[in-house]
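Visitor: You'll find query-v7.pdb just under this line, and it carries PDB, C-alpha atoms.
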MODEL        1
ATOM      1  CA  MET R1462     109.234 -88.949 176.139
ATOM      2  CA  SER R1463     105.708 -87.967 177.151
ATOM      3  CA  SER R1464     102.884 -87.520 174.698
ATOM      4  CA  ILE R1465     101.410 -84.076 174.072
ATOM      5  CA  MET R1466      97.997 -85.543 174.878
ATOM      6  CA  GLN R1467      98.989 -85.871 178.568
ATOM      7  CA  TYR R1468      98.982 -82.125 179.178
ATOM      8  CA  ASN R1469      96.157 -79.592 179.260
ATOM      9  CA  GLY R1470      97.967 -76.911 177.253
ATOM     10  CA  ALA R1471      96.589 -74.310 174.906
ATOM     11  CA  ALA R1472      97.217 -72.254 171.805
ATOM     12  CA  ILE R1473      97.443 -68.455 171.947
ATOM     13  CA  ILE R1474      98.270 -66.149 169.084
ATOM     14  CA  ALA R1475      98.714 -62.377 169.177
ATOM     15  CA  MET R1476      99.512 -59.691 166.647
ATOM     16  CA  ALA R1477     100.026 -55.953 166.686
ATOM     17  CA  GLY R1478      99.268 -53.505 163.902
ATOM     18  CA  LYS R1479      99.707 -49.769 163.526
ATOM     19  CA  ASP R1480      96.618 -48.816 165.547
ATOM     20  CA  CYS R1481      95.325 -52.191 166.676
ATOM     21  CA  ILE R1482      96.076 -55.474 168.388
ATOM     22  CA  ALA R1483      94.496 -58.908 168.277
ATOM     23  CA  ILE R1484      94.854 -61.807 170.664
ATOM     24  CA  ALA R1485      93.085 -65.139 170.371
ATOM     25  CA  SER R1486      93.112 -68.464 172.173
ATOM     26  CA  ASP R1487      91.233 -71.689 172.372
ATOM     27  CA  LYS R1488      88.913 -72.242 175.349
ATOM     28  CA  ARG R1489      89.330 -75.990 175.690
ATOM     29  CA  TYR R1490      90.096 -77.528 179.066
ATOM     30  CA  GLY R1491      91.087 -81.145 178.811
ATOM     31  CA  ILE R1492      92.984 -83.938 180.453
ATOM     32  CA  ARG R1493      94.872 -86.083 177.962
ATOM     33  CA  ASN R1494      92.570 -86.511 174.969
ATOM     34  CA  GLN R1495      89.342 -85.997 176.945
ATOM     35  CA  THR R1496      87.682 -82.577 176.841
ATOM     36  CA  MET R1497      86.391 -81.520 180.255
ATOM     37  CA  GLY R1498      84.978 -78.151 179.216
ATOM     38  CA  CYS R1499      85.022 -75.488 176.521
ATOM     39  CA  GLN R1500      84.865 -72.261 178.555
ATOM     40  CA  MET R1501      88.357 -72.094 180.105
ATOM     41  CA  LYS R1502      89.586 -68.506 180.320
ATOM     42  CA  LYS R1503      93.174 -68.127 179.112
ATOM     43  CA  ILE R1504      93.442 -64.403 178.316
ATOM     44  CA  TYR R1505      93.365 -61.985 181.245
ATOM     45  CA  GLN R1506      93.099 -58.192 181.220
ATOM     46  CA  MET R1507      95.471 -56.650 183.750
ATOM     47  CA  SER R1508      94.762 -53.010 182.850
ATOM     48  CA  ASP R1509      93.221 -50.965 180.048
ATOM     49  CA  LYS R1510      96.256 -51.534 177.819
ATOM     50  CA  THR R1511      97.658 -54.801 179.157
ATOM     51  CA  LEU R1512      96.454 -58.285 178.306
ATOM     52  CA  VAL R1513      98.242 -61.502 179.188
ATOM     53  CA  GLY R1514      97.639 -64.925 177.696
ATOM     54  CA  LEU R1515      98.612 -67.979 179.714
ATOM     55  CA  THR R1516      98.989 -71.586 178.608
ATOM     56  CA  GLY R1517      99.946 -74.795 180.359
ATOM     57  CA  LEU R1518      98.531 -76.509 183.406
ATOM     58  CA  ALA R1519      95.295 -74.909 184.606
ATOM     59  CA  THR R1520      96.453 -74.575 188.219
ATOM     60  CA  ASP R1521      99.682 -72.879 187.124
ATOM     61  CA  MET R1522      97.718 -70.473 184.934
ATOM     62  CA  GLN R1523      95.419 -69.538 187.820
ATOM     63  CA  THR R1524      98.343 -69.081 190.215
ATOM     64  CA  LEU R1525     100.239 -66.848 187.801
ATOM     65  CA  GLU R1526      97.137 -64.780 187.045
ATOM     66  CA  GLN R1527      96.576 -64.205 190.773
ATOM     67  CA  LYS R1528     100.220 -63.209 191.302
ATOM     68  CA  PHE R1529     100.147 -60.845 188.311
ATOM     69  CA  ARG R1530      96.922 -59.254 189.514
ATOM     70  CA  PHE R1531      98.223 -58.912 193.095
ATOM     71  CA  ARG R1532     101.453 -57.226 192.007
ATOM     72  CA  SER R1533      99.591 -54.992 189.559
ATOM     73  CA  ASN R1534      97.177 -53.895 192.301
ATOM     74  CA  MET R1535     100.073 -53.260 194.715
ATOM     75  CA  TYR R1536     101.778 -51.118 192.067
ATOM     76  CA  ARG R1537      98.538 -49.168 191.528
ATOM     77  CA  LEU R1538      98.198 -48.518 195.263
ATOM     78  CA  ARG R1539     101.848 -47.565 195.774
ATOM     79  CA  GLU R1540     102.368 -45.447 192.642
ATOM     80  CA  GLU R1541      98.766 -44.151 192.316
ATOM     81  CA  ARG R1542      98.755 -44.908 188.580
ATOM     82  CA  GLU R1543      98.291 -47.848 186.245
ATOM     83  CA  MET R1544     101.202 -50.130 185.479
ATOM     84  CA  GLY R1545     102.541 -49.553 181.969
ATOM     85  CA  VAL R1546     103.038 -52.369 179.498
ATOM     86  CA  GLU R1547     106.851 -52.319 179.753
ATOM     87  CA  VAL R1548     106.708 -52.216 183.550
ATOM     88  CA  PHE R1549     104.309 -55.167 183.498
ATOM     89  CA  ALA R1550     106.643 -57.093 181.195
ATOM     90  CA  ASN R1551     109.565 -56.431 183.568
ATOM     91  CA  MET R1552     107.444 -57.537 186.523
ATOM     92  CA  VAL R1553     106.548 -60.797 184.733
ATOM     93  CA  THR R1554     110.214 -61.395 183.930
ATOM     94  CA  SER R1555     111.324 -60.899 187.525
ATOM     95  CA  LEU R1556     108.465 -62.982 188.941
ATOM     96  CA  LEU R1557     109.231 -65.912 186.656
ATOM     97  CA  TYR R1558     112.993 -65.635 187.220
ATOM     98  CA  GLU R1559     112.813 -65.497 191.026
ATOM     99  CA  SER R1560     111.711 -69.135 191.309
ATOM    100  CA  ARG R1561     114.619 -70.543 189.303
TER     101      ARG R1561
ENDMDL
END
As structure tokens, please, write out the structure in this file.
Guide:
Amino acid sequence: MSSIMQYNGAAIIAMAGKDCIAIASDKRYGIRNQTMGCQMKKIYQMSDKTLVGLTGLATDMQTLEQKFRFRSNMYRLREEREMGVEVFANMVTSLLYESR
């Protein structure tokens, strides 16, 4: 079994209230137990009402963020409106499932 210190993961927490939301993450980028930097972006804004937090390997996070942004922009061009939160969630589900 591998040690948790071998991965450059993250911690993200989110909550929703009646008229508010909050999302927080660490900004550490590290390899094993060595910190490489403290300004790693892990929360991305896809639209005015849609935020996505990604954890795991840095290259996987960047690839997923680019795919999410590309599909969101294609939706905006095709439909001439912003992608809703539920539509975005369905898009994420199908994108992650298609590579199984």
Visitor: Got a sec to resolve the PyMOL selection byres ((chain R and resi 1553-1555) around 12) on this structure and send the residues as a list in words?
Guide: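 On the file shown, the PyMOL selection byres ((chain R and resi 1553-1555) around 12) covers Met1507, Val1513, Leu1515, Leu1525, Glu1526, Lys1528, Phe1529, Arg1530, Phe1531, Arg1532, Ser1533, Met1544, Val1546, Glu1547, Val1548, Phe1549, Ala1550, Asn1551, Met1552, Leu1556, Leu1557, Tyr1558, Glu1559, Ser1560 and Arg1561 of chain R.
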Visitor: For this structure, which residues satisfy the selection - the PyMOL selection byres ((chain R and resi 1476-1491) around 12) - when it is evaluated on the file as given? I want them as a PyMOL selection string.
Guide: chain R and resi 1465-1475+1492-1506+1510-1520+1522
Visitor: Using all atoms of segment 1501-1513 of chain R listed in the file and a margin of 6 Å per side, can you give the axis-aligned box centre and edge lengths in Å to one decimal, as lines of an AutoDock Vina configuration file?
Guide:
center_x = 93.3
center_y = -61.5
center_z = 180.8
size_x = 21.9
size_y = 33.1
size_z = 17.9
Visitor: Would you translate the PyMOL selection byres ((chain R and resi 1543) around 9) into the concrete set of residues it matches in this file, as a ChimeraX atom specification?
Guide: /R:1508-1509,1533-1534,1536-1537,1540-1542,1544-1545
Visitor: For the structure just given, write the atoms of segment 1516-1553 of chain R, namely N, CA and C atoms, as a PDB file, in the first residue's frame.
Guide:
ATOM      1  N   THR R1516      -9.058  18.113  -7.031  1.00  0.00           N
ATOM      2  CA  THR R1516      -7.951  17.623  -6.224  1.00  0.00           C
ATOM      3  C   THR R1516      -7.268  16.489  -6.963  1.00  0.00           C
ATOM      4  N   GLY R1517      -6.105  16.114  -6.504  1.00  0.00           N
ATOM      5  CA  GLY R1517      -5.382  14.997  -7.109  1.00  0.00           C
ATOM      6  C   GLY R1517      -4.093  15.465  -7.746  1.00  0.00           C
ATOM      7  N   LEU R1518      -3.649  14.716  -8.740  1.00  0.00           N
ATOM      8  CA  LEU R1518      -2.418  15.072  -9.440  1.00  0.00           C
ATOM      9  C   LEU R1518      -2.602  16.382 -10.193  1.00  0.00           C
ATOM     10  N   ALA R1519      -1.591  17.232 -10.156  1.00  0.00           N
ATOM     11  CA  ALA R1519      -1.682  18.567 -10.748  1.00  0.00           C
ATOM     12  C   ALA R1519      -1.964  18.503 -12.244  1.00  0.00           C
ATOM     13  N   THR R1520      -1.332  17.584 -12.955  1.00  0.00           N
ATOM     14  CA  THR R1520      -1.559  17.495 -14.402  1.00  0.00           C
ATOM     15  C   THR R1520      -2.979  17.046 -14.711  1.00  0.00           C
ATOM     16  N   ASP R1521      -3.536  16.148 -13.899  1.00  0.00           N
ATOM     17  CA  ASP R1521      -4.919  15.729 -14.092  1.00  0.00           C
ATOM     18  C   ASP R1521      -5.882  16.880 -13.818  1.00  0.00           C
ATOM     19  N   MET R1522      -5.597  17.666 -12.788  1.00  0.00           N
ATOM     20  CA  MET R1522      -6.435  18.819 -12.481  1.00  0.00           C
ATOM     21  C   MET R1522      -6.448  19.810 -13.631  1.00  0.00           C
ATOM     22  N   GLN R1523      -5.276  20.093 -14.200  1.00  0.00           N
ATOM     23  CA  GLN R1523      -5.188  21.046 -15.305  1.00  0.00           C
ATOM     24  C   GLN R1523      -5.894  20.514 -16.548  1.00  0.00           C
ATOM     25  N   THR R1524      -5.759  19.219 -16.814  1.00  0.00           N
ATOM     26  CA  THR R1524      -6.424  18.631 -17.975  1.00  0.00           C
ATOM     27  C   THR R1524      -7.935  18.690 -17.815  1.00  0.00           C
ATOM     28  N   LEU R1525      -8.440  18.325 -16.654  1.00  0.00           N
ATOM     29  CA  LEU R1525      -9.884  18.374 -16.433  1.00  0.00           C
ATOM     30  C   LEU R1525     -10.411  19.798 -16.514  1.00  0.00           C
ATOM     31  N   GLU R1526      -9.693  20.744 -15.939  1.00  0.00           N
ATOM     32  CA  GLU R1526     -10.137  22.146 -16.007  1.00  0.00           C
ATOM     33  C   GLU R1526     -10.211  22.621 -17.442  1.00  0.00           C
ATOM     34  N   GLN R1527      -9.252  22.259 -18.279  1.00  0.00           N
ATOM     35  CA  GLN R1527      -9.276  22.648 -19.689  1.00  0.00           C
ATOM     36  C   GLN R1527     -10.439  21.999 -20.426  1.00  0.00           C
ATOM     37  N   LYS R1528     -10.707  20.727 -20.137  1.00  0.00           N
ATOM     38  CA  LYS R1528     -11.840  20.044 -20.779  1.00  0.00           C
ATOM     39  C   LYS R1528     -13.169  20.649 -20.343  1.00  0.00           C
ATOM     40  N   PHE R1529     -13.311  20.944 -19.045  1.00  0.00           N
ATOM     41  CA  PHE R1529     -14.534  21.568 -18.552  1.00  0.00           C
ATOM     42  C   PHE R1529     -14.751  22.930 -19.201  1.00  0.00           C
ATOM     43  N   ARG R1530     -13.685  23.720 -19.274  1.00  0.00           N
ATOM     44  CA  ARG R1530     -13.796  25.049 -19.862  1.00  0.00           C
ATOM     45  C   ARG R1530     -14.128  24.970 -21.358  1.00  0.00           C
ATOM     46  N   PHE R1531     -13.497  24.028 -22.073  1.00  0.00           N
ATOM     47  CA  PHE R1531     -13.763  23.862 -23.499  1.00  0.00           C
ATOM     48  C   PHE R1531     -15.225  23.499 -23.738  1.00  0.00           C
ATOM     49  N   ARG R1532     -15.726  22.513 -22.993  1.00  0.00           N
ATOM     50  CA  ARG R1532     -17.113  22.089 -23.193  1.00  0.00           C
ATOM     51  C   ARG R1532     -18.095  23.172 -22.758  1.00  0.00           C
ATOM     52  N   SER R1533     -17.763  23.912 -21.733  1.00  0.00           N
ATOM     53  CA  SER R1533     -18.615  25.021 -21.297  1.00  0.00           C
ATOM     54  C   SER R1533     -18.664  26.119 -22.354  1.00  0.00           C
ATOM     55  N   ASN R1534     -17.515  26.435 -22.948  1.00  0.00           N
ATOM     56  CA  ASN R1534     -17.479  27.442 -24.017  1.00  0.00           C
ATOM     57  C   ASN R1534     -18.228  26.967 -25.260  1.00  0.00           C
ATOM     58  N   MET R1535     -18.100  25.680 -25.599  1.00  0.00           N
ATOM     59  CA  MET R1535     -18.839  25.143 -26.751  1.00  0.00           C
ATOM     60  C   MET R1535     -20.347  25.216 -26.515  1.00  0.00           C
ATOM     61  N   TYR R1536     -20.771  24.914 -25.293  1.00  0.00           N
ATOM     62  CA  TYR R1536     -22.190  25.017 -24.945  1.00  0.00           C
ATOM     63  C   TYR R1536     -22.659  26.460 -25.086  1.00  0.00           C
ATOM     64  N   ARG R1537     -21.856  27.407 -24.601  1.00  0.00           N
ATOM     65  CA  ARG R1537     -22.215  28.828 -24.682  1.00  0.00           C
ATOM     66  C   ARG R1537     -22.347  29.275 -26.136  1.00  0.00           C
ATOM     67  N   LEU R1538     -21.458  28.812 -27.000  1.00  0.00           N
ATOM     68  CA  LEU R1538     -21.528  29.183 -28.410  1.00  0.00           C
ATOM     69  C   LEU R1538     -22.729  28.545 -29.115  1.00  0.00           C
ATOM     70  N   ARG R1539     -22.991  27.278 -28.809  1.00  0.00           N
ATOM     71  CA  ARG R1539     -24.066  26.551 -29.472  1.00  0.00           C
ATOM     72  C   ARG R1539     -25.442  27.000 -28.993  1.00  0.00           C
ATOM     73  N   GLU R1540     -25.608  27.148 -27.679  1.00  0.00           N
ATOM     74  CA  GLU R1540     -26.910  27.453 -27.093  1.00  0.00           C
ATOM     75  C   GLU R1540     -27.154  28.951 -26.897  1.00  0.00           C
ATOM     76  N   GLU R1541     -26.099  29.756 -27.018  1.00  0.00           N
ATOM     77  CA  GLU R1541     -26.160  31.212 -26.826  1.00  0.00           C
ATOM     78  C   GLU R1541     -26.673  31.585 -25.439  1.00  0.00           C
ATOM     79  N   ARG R1542     -26.264  30.811 -24.442  1.00  0.00           N
ATOM     80  CA  ARG R1542     -26.576  31.099 -23.038  1.00  0.00           C
ATOM     81  C   ARG R1542     -25.571  30.354 -22.168  1.00  0.00           C
ATOM     82  N   GLU R1543     -25.524  30.760 -20.904  1.00  0.00           N
ATOM     83  CA  GLU R1543     -24.609  30.120 -19.959  1.00  0.00           C
ATOM     84  C   GLU R1543     -25.103  28.722 -19.604  1.00  0.00           C
ATOM     85  N   MET R1544     -24.183  27.856 -19.292  1.00  0.00           N
ATOM     86  CA  MET R1544     -24.505  26.510 -18.851  1.00  0.00           C
ATOM     87  C   MET R1544     -24.968  26.569 -17.395  1.00  0.00           C
ATOM     88  N   GLY R1545     -26.122  25.984 -17.122  1.00  0.00           N
ATOM     89  CA  GLY R1545     -26.641  25.936 -15.760  1.00  0.00           C
ATOM     90  C   GLY R1545     -25.837  24.971 -14.898  1.00  0.00           C
ATOM     91  N   VAL R1546     -26.060  25.049 -13.606  1.00  0.00           N
ATOM     92  CA  VAL R1546     -25.314  24.219 -12.667  1.00  0.00           C
ATOM     93  C   VAL R1546     -25.634  22.741 -12.868  1.00  0.00           C
ATOM     94  N   GLU R1547     -26.903  22.394 -13.040  1.00  0.00           N
ATOM     95  CA  GLU R1547     -27.280  20.993 -13.252  1.00  0.00           C
ATOM     96  C   GLU R1547     -26.757  20.470 -14.579  1.00  0.00           C
ATOM     97  N   VAL R1548     -26.780  21.287 -15.605  1.00  0.00           N
ATOM     98  CA  VAL R1548     -26.238  20.888 -16.906  1.00  0.00           C
ATOM     99  C   VAL R1548     -24.732  20.663 -16.793  1.00  0.00           C
ATOM    100  N   PHE R1549     -24.063  21.544 -16.056  1.00  0.00           N
ATOM    101  CA  PHE R1549     -22.619  21.377 -15.846  1.00  0.00           C
ATOM    102  C   PHE R1549     -22.330  20.083 -15.091  1.00  0.00           C
ATOM    103  N   ALA R1550     -23.116  19.794 -14.074  1.00  0.00           N
ATOM    104  CA  ALA R1550     -22.924  18.556 -13.313  1.00  0.00           C
ATOM    105  C   ALA R1550     -23.117  17.331 -14.205  1.00  0.00           C
ATOM    106  N   ASN R1551     -24.113  17.356 -15.082  1.00  0.00           N
ATOM    107  CA  ASN R1551     -24.332  16.252 -16.019  1.00  0.00           C
ATOM    108  C   ASN R1551     -23.181  16.131 -17.004  1.00  0.00           C
ATOM    109  N   MET R1552     -22.652  17.268 -17.447  1.00  0.00           N
ATOM    110  CA  MET R1552     -21.514  17.251 -18.367  1.00  0.00           C
ATOM    111  C   MET R1552     -20.280  16.646 -17.693  1.00  0.00           C
ATOM    112  N   VAL R1553     -20.040  16.994 -16.424  1.00  0.00           N
ATOM    113  CA  VAL R1553     -18.911  16.431 -15.685  1.00  0.00           C
ATOM    114  C   VAL R1553     -19.083  14.928 -15.537  1.00  0.00           C
TER     115      VAL R1553
END
